[in-house]
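Structure data (mmCIF, C-alpha atoms) from coords18.cif:
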```
data_structure
loop_
_atom_site.label_atom_id
_atom_site.label_comp_id
_atom_site.auth_asym_id
_atom_site.auth_seq_id
_atom_site.Cartn_x
_atom_site.Cartn_y
_atom_site.Cartn_z
CA MET A 113 -1.83 8.06 -2.74
CA HIS A 114 -2.26 9.19 0.84
CA ARG A 115 -2.92 12.81 -0.06
CA LEU A 116 -6.33 11.72 -1.34
CA ALA A 117 -7.18 11.16 2.32
CA HIS A 118 -5.27 14.00 3.99
CA PRO A 119 -3.30 17.04 2.78
CA ASP A 120 -0.16 15.86 4.62
CA GLY A 121 -0.33 12.54 2.76
CA GLU A 122 2.65 10.20 2.96
CA LEU A 123 4.61 12.79 4.95
CA ALA A 124 2.23 12.26 7.86
CA THR A 125 2.39 8.49 7.45
CA SER A 126 6.17 8.71 7.54
CA ARG A 127 6.12 10.81 10.70
CA ALA A 128 3.85 8.24 12.35
CA ALA A 129 6.21 5.39 11.39
CA ALA A 130 9.18 7.36 12.71
CA SER A 131 7.51 8.24 15.98
CA TYR A 132 6.78 4.57 16.69
CA ASN A 133 10.11 3.43 15.22
CA ILE A 134 8.59 1.02 12.75
CA ALA A 135 9.44 0.42 9.09
CA MET A 136 7.65 2.00 6.16
CA ALA A 137 7.40 0.81 2.56
CA LEU A 138 6.46 3.53 0.09
CA SER A 139 4.39 3.10 -3.06
CA SER A 140 5.81 4.13 -6.42
CA TYR A 141 2.47 5.87 -6.81
CA SER A 142 2.82 7.95 -3.68
CA THR A 143 1.66 11.54 -3.87
CA GLU A 144 4.76 12.85 -2.09
CA SER A 145 8.29 12.31 -3.34
CA LEU A 146 10.33 9.47 -1.91
CA GLU A 147 12.95 11.99 -0.78
CA ASN A 148 10.47 14.09 1.19
CA VAL A 149 8.91 11.01 2.74
CA LYS A 150 12.28 9.68 3.88
CA ALA A 151 13.21 13.12 5.23
CA GLN A 152 10.38 12.81 7.76
CA GLY A 153 11.92 9.64 9.12
CA ALA A 154 14.24 9.00 12.02
CA SER A 155 16.30 5.84 12.49
CA ASN A 156 13.44 3.62 11.30
CA PRO A 157 14.08 1.76 8.01
CA TYR A 158 12.39 2.53 4.71
CA ALA A 159 11.67 0.35 1.68
CA MET A 160 10.58 1.38 -1.82
CA GLN A 161 7.89 -0.49 -3.76
CA LEU A 162 8.66 -0.85 -7.46
CA CYS A 163 7.10 -2.39 -10.52
CA VAL A 164 9.24 -3.12 -13.57
CA LEU A 165 7.84 -0.48 -15.86
CA ARG A 166 7.92 -0.62 -19.61
CA ASP A 167 9.84 2.64 -19.54
CA ARG A 168 12.99 1.36 -17.88
CA TYR A 169 14.33 4.87 -17.39
CA THR A 170 11.48 5.61 -14.98
CA THR A 171 12.26 2.48 -12.98
CA LYS A 172 16.00 3.17 -12.99
CA GLN A 173 15.72 6.77 -11.81
CA MET A 174 13.47 5.64 -8.98
CA LEU A 175 15.95 2.95 -7.92
CA GLU A 176 18.81 5.44 -7.94
CA ARG A 177 16.84 8.06 -6.05
CA ALA A 178 15.73 5.52 -3.43
CA GLU A 179 19.32 4.40 -2.89
CA ALA A 180 20.57 7.98 -2.66
CA ALA A 181 17.82 8.89 -0.18
CA GLY A 182 18.78 6.03 2.13
CA TYR A 183 16.10 3.44 1.47
CA SER A 184 17.16 0.03 2.77
CA ALA A 185 15.19 -2.35 0.56
CA ILE A 186 13.15 -2.71 -2.61
CA PHE A 187 9.72 -4.37 -2.56
CA LEU A 188 9.33 -5.57 -6.13
CA SER A 189 5.76 -6.21 -7.30
CA VAL A 190 5.89 -9.18 -9.66
CA ASP A 191 2.17 -9.75 -10.25
CA VAL A 192 1.36 -6.73 -12.40
CA PRO A 193 2.26 -7.54 -16.02
CA LEU A 194 -1.11 -5.85 -16.44
CA LEU A 195 -2.93 -3.77 -13.88
CA GLY A 196 -5.98 -5.50 -12.40
CA ARG A 197 -9.36 -4.27 -13.57
CA ARG A 198 -10.38 -2.03 -10.70
CA LEU A 199 -14.04 -1.56 -11.42
CA ASN A 200 -14.41 1.28 -8.94
CA GLU A 201 -12.03 3.32 -11.11
CA PHE A 202 -14.20 2.80 -14.17
CA ARG A 203 -17.42 3.48 -12.29
CA ASN A 204 -16.19 6.63 -10.61
CA ASP A 205 -13.91 7.86 -13.41
CA PHE A 206 -11.11 7.88 -10.85
CA HIS A 207 -8.53 10.62 -11.38
CA LEU A 208 -6.07 12.62 -9.37
CA PRO A 209 -7.31 16.05 -8.32
CA ASP A 210 -5.56 19.12 -9.70
CA GLY A 211 -2.27 19.81 -7.99
CA MET A 212 -1.63 16.18 -7.08
CA GLU A 213 1.00 14.14 -8.88
CA TRP A 214 3.10 11.00 -8.70
CA PRO A 215 6.53 12.56 -8.19
CA ASN A 216 8.38 9.23 -7.98
CA LEU A 217 7.13 8.29 -11.44
CA LEU A 218 7.83 11.79 -12.77
CA SER A 219 4.17 11.83 -13.75
CA ASN A 220 1.16 14.03 -13.17
CA GLY A 221 -1.00 10.92 -13.49
CA LYS A 222 -3.06 12.34 -16.30
CA ALA A 223 -1.85 9.98 -19.03
CA GLU A 224 -2.08 6.82 -16.92
CA LEU A 225 -5.56 7.58 -15.64
CA ASN A 226 -6.92 8.96 -18.90
CA GLN A 227 -9.98 6.90 -19.77
CA ASP A 228 -8.52 3.71 -21.21
CA LEU A 229 -7.22 1.93 -18.15
CA SER A 230 -6.97 -1.36 -20.03
CA ASP A 231 -3.96 0.03 -21.84
CA HIS A 232 -1.88 0.86 -18.81
CA THR A 233 1.25 1.30 -20.82
CA GLN A 234 3.41 2.03 -17.81
CA GLU A 235 3.40 -1.65 -16.94
CA THR A 236 5.49 -4.10 -18.87
CA ARG A 237 3.95 -7.27 -20.24
CA SER A 238 6.89 -9.51 -19.58
CA TYR A 239 9.61 -9.39 -17.01
CA GLU A 240 13.17 -9.58 -18.18
CA PHE A 241 15.46 -10.56 -15.38
CA GLY A 242 19.06 -11.30 -16.26
CA MET B 240 -14.74 -1.74 33.65
CA ALA B 241 -12.50 0.06 36.03
CA ASN B 242 -9.42 -1.84 34.97
CA ARG B 243 -9.69 -1.45 31.20
CA GLY B 244 -6.60 -0.20 29.46
CA GLN B 245 -5.69 3.10 27.86
CA SER B 246 -7.49 4.36 24.78
CA TRP B 247 -5.81 6.72 22.34
CA ASP B 248 -8.92 8.03 20.65
CA THR B 249 -12.57 8.39 21.52
CA GLN B 250 -13.77 7.10 18.12
CA VAL B 251 -11.09 4.78 16.76
CA HIS B 252 -10.08 1.71 18.72
CA SER B 253 -9.14 -0.70 15.93
CA ILE B 254 -8.22 -0.86 12.25
CA ALA B 255 -11.86 -1.72 11.46
CA ASP B 256 -12.96 1.43 13.32
CA LEU B 257 -10.37 3.44 11.42
CA ARG B 258 -11.63 2.19 8.05
CA GLU B 259 -15.26 2.94 8.95
CA TYR B 260 -14.56 6.36 10.44
CA GLY B 261 -12.18 7.37 7.63
CA SER B 262 -14.49 6.09 4.92
CA LYS B 263 -17.28 8.34 6.12
CA LYS B 264 -15.08 11.39 5.63
CA LEU B 265 -13.98 10.57 2.08
CA PRO B 266 -15.67 11.39 -1.22
CA LYS B 267 -16.97 8.28 -3.00
CA MET B 268 -14.24 8.30 -5.66
CA TYR B 269 -11.44 8.04 -3.12
CA ARG B 270 -13.35 5.86 -0.65
CA ASP B 271 -13.98 3.22 -3.31
CA TYR B 272 -10.39 3.45 -4.52
CA TYR B 273 -9.03 2.74 -1.03
CA ASN B 274 -11.56 0.10 -0.03
CA GLU B 275 -11.93 -1.92 -3.22
CA GLY B 276 -9.64 -4.04 -5.36
CA ALA B 277 -9.82 -5.55 -8.80
CA MET B 278 -12.97 -6.89 -10.45
CA ASP B 279 -15.69 -8.04 -8.03
CA LEU B 280 -13.32 -8.85 -5.15
CA VAL B 281 -14.83 -12.30 -4.81
CA THR B 282 -13.76 -15.86 -4.61
CA TYR B 283 -11.98 -18.65 -6.35
CA VAL B 284 -15.32 -20.40 -6.91
CA VAL B 285 -16.47 -17.63 -9.21
CA MET B 286 -13.14 -17.67 -10.95
CA VAL B 287 -13.20 -21.31 -12.03
CA LYS B 288 -16.73 -21.01 -13.36
CA LEU B 289 -15.68 -18.44 -15.93
CA ALA B 290 -15.03 -19.82 -19.36
CA THR B 291 -12.53 -17.65 -21.15
CA GLU B 292 -8.88 -17.46 -20.38
CA CYS B 293 -9.05 -13.68 -20.09
CA SER B 294 -11.74 -13.80 -17.45
CA VAL B 295 -9.80 -16.29 -15.41
CA ILE B 296 -6.70 -14.11 -15.46
CA ALA B 297 -8.68 -11.03 -14.47
CA ASN B 298 -10.34 -12.83 -11.60
CA ALA B 299 -7.13 -14.35 -10.40
CA VAL B 300 -6.17 -10.79 -9.62
CA ALA B 301 -9.57 -10.07 -8.08
CA PHE B 302 -9.13 -13.03 -5.80
CA ARG B 303 -6.42 -11.23 -3.94
CA LEU B 304 -8.17 -8.56 -1.93
CA ARG B 305 -10.54 -10.62 0.18
CA ASP B 306 -8.16 -13.53 0.35
CA ASN B 307 -5.40 -11.22 1.53
CA GLU B 308 -7.58 -10.03 4.39
CA ALA B 309 -8.64 -13.59 5.17
CA ALA B 310 -5.01 -14.69 5.21
CA PHE B 311 -4.21 -12.10 7.85
CA ASP B 312 -7.26 -13.16 9.83
CA ARG B 313 -5.86 -16.69 9.95
CA TYR B 314 -2.79 -15.50 11.86
CA LYS B 315 -3.17 -16.06 15.57
CA ILE B 316 -1.33 -14.37 18.38
CA LYS B 317 -0.56 -17.15 20.78
CA PRO B 318 -0.26 -15.93 24.34
CA ARG B 319 2.37 -17.31 26.63
CA ILE B 320 1.29 -17.76 30.20
CA LEU B 321 2.94 -17.72 33.59
CA VAL B 322 5.91 -15.71 32.36
CA ASN B 323 7.29 -12.49 33.79
CA VAL B 324 5.86 -9.51 31.85
CA ASP B 325 7.42 -6.72 33.91
CA ASN B 326 9.80 -5.67 31.14
CA ILE B 327 8.33 -6.31 27.73
CA ASP B 328 10.56 -5.62 24.73
CA THR B 329 8.89 -5.85 21.31
CA SER B 330 11.91 -4.46 19.45
CA SER B 331 13.62 -6.35 16.68
CA GLU B 332 15.86 -5.78 13.66
CA LEU B 333 14.76 -5.17 10.09
CA PHE B 334 17.01 -4.32 7.11
CA GLY B 335 19.89 -3.96 9.54
CA LYS B 336 18.14 -1.37 11.67
CA LYS B 337 16.55 -1.65 15.08
CA VAL B 338 12.77 -1.25 15.04
CA GLY B 339 10.33 -0.92 17.92
CA MET B 340 8.20 -3.72 16.59
CA LEU B 341 8.27 -6.00 13.56
CA THR B 342 5.49 -4.03 11.92
CA LEU B 343 5.69 -2.31 8.58
CA LEU B 344 3.47 0.28 6.93
CA ASN B 345 2.98 -1.02 3.41
CA PRO B 346 1.39 0.40 0.26
CA SER B 347 -1.89 -1.40 -0.25
CA THR B 348 -3.50 0.43 -3.12
CA CYS B 349 -0.78 0.91 -5.69
#
```
Let's see the structure in the file written out as structure tokens.
Amino acid sequence: MHRLAHPDGELATSRAAASYNIAMALSSYSTESLENVKAQGASNPYAMQLCVLRDRYTTKQMLERAEAAGYSAIFLSVDVPLLGRRLNEFRNDFHLPDGMEWPNLLSNGKAELNQDLSDHTQETRSYEFG
Amino acid sequence: MANRGQSWDTQVHSIADLREYGSKKLPKMYRDYYNEGAMDLVTYVVMVKLATECSVIANAVAFRLRDNEAAFDRYKIKPRILVNVDNIDTSSELFGKKVGMLTLLNPSTC
């Protein structure tokens, strides 16, 4: 969520990676789309971070988009059957500001960050490989 | 010293500087989100003292943030000496592509 820190967000991060020709792995929860982030790149490689979400369509569309956009690898997070209890989010009522979304997840973030973080229904409780 | 190397910024000379300088510019909600992790960010010792299974699971996640940083701190860059350093090449290959250095910008807050 780099746009929380700067209006150019992950696009600026991507330009920095490209200018130094180093790799970049992008969060599923990035505040710029994976396509736009990759478009800022040069010959440097890109990887996409994914969780296995309960809604498999959301995961699948992200995989397909990452492949189509030229991402070279998937970084699969396997330790989030439930999201950790981030106390700062409870204390500060963390939320995305208006106009900021999670375009990779096809989400405006409102449902996921709406009060009850213990029921983070985007995450699956068990992984089903094969 | 007269022979000190190049600096790219007057304020930021290291990742620690960057965190401190950036943190000062951020509202508390975003600053805490970037800088903190799960639960109380503390150690394995606290984790094993907790009684219920749920607490242990939650703190196993909390264990990560500080331990992650400590794990990186344990890496050492071992200098080689008495070798020719006229033409240094840090480039390598990653995912089939040539990169300037085996460094990767990674999501850390997702």
Run the PyMOL selection byres ((chain A) within 6 of (chain B)) on the file and write out the hits as a VMD selection string.
chain A and resid 133 to 139 196 to 200 204
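Taking CA of Ala130 (chain A) and CA of Ser155 (chain A) as endpoints, the distance between them is 7.3 Å.
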Among listed residues A:Gln152, A:Ser140, A:Ser145, A:Ser184, nearest Ala124 (chain A) (using all atoms listed in the file)
A:Gln152
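The gap separating CA of Gly153 (chain A) from CA of Ser253 (chain B) is 24.4 Å, in Å to one decimal.
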So what do you get for CA of Lys150 (chain A) versus CA of Met212 (chain A), distance-wise?
18.9 Å
Got a sec to resolve the PyMOL selection byres ((chain A and resi 214) around 6) on this structure and send the residues as a PyMOL selection string?
chain A and resi 141-143+213+215-217+219-220
Quick one: which residues end up in the PyMOL selection byres ((chain A and resi 209) around 10) for this structure, as a list of chain:residue names?
A:Arg115, A:Leu116, A:Phe206, A:His207, A:Leu208, A:Asp210, A:Gly211, A:Met212, A:Glu213, A:Asn220, A:Gly221, A:Lys222
Under the rule that only C-alpha atoms are counted, which of A:Ile186, A:Val192, A:Asp205, A:His114 is the nearest residue to Leu162 (chain A)?
A:Ile186
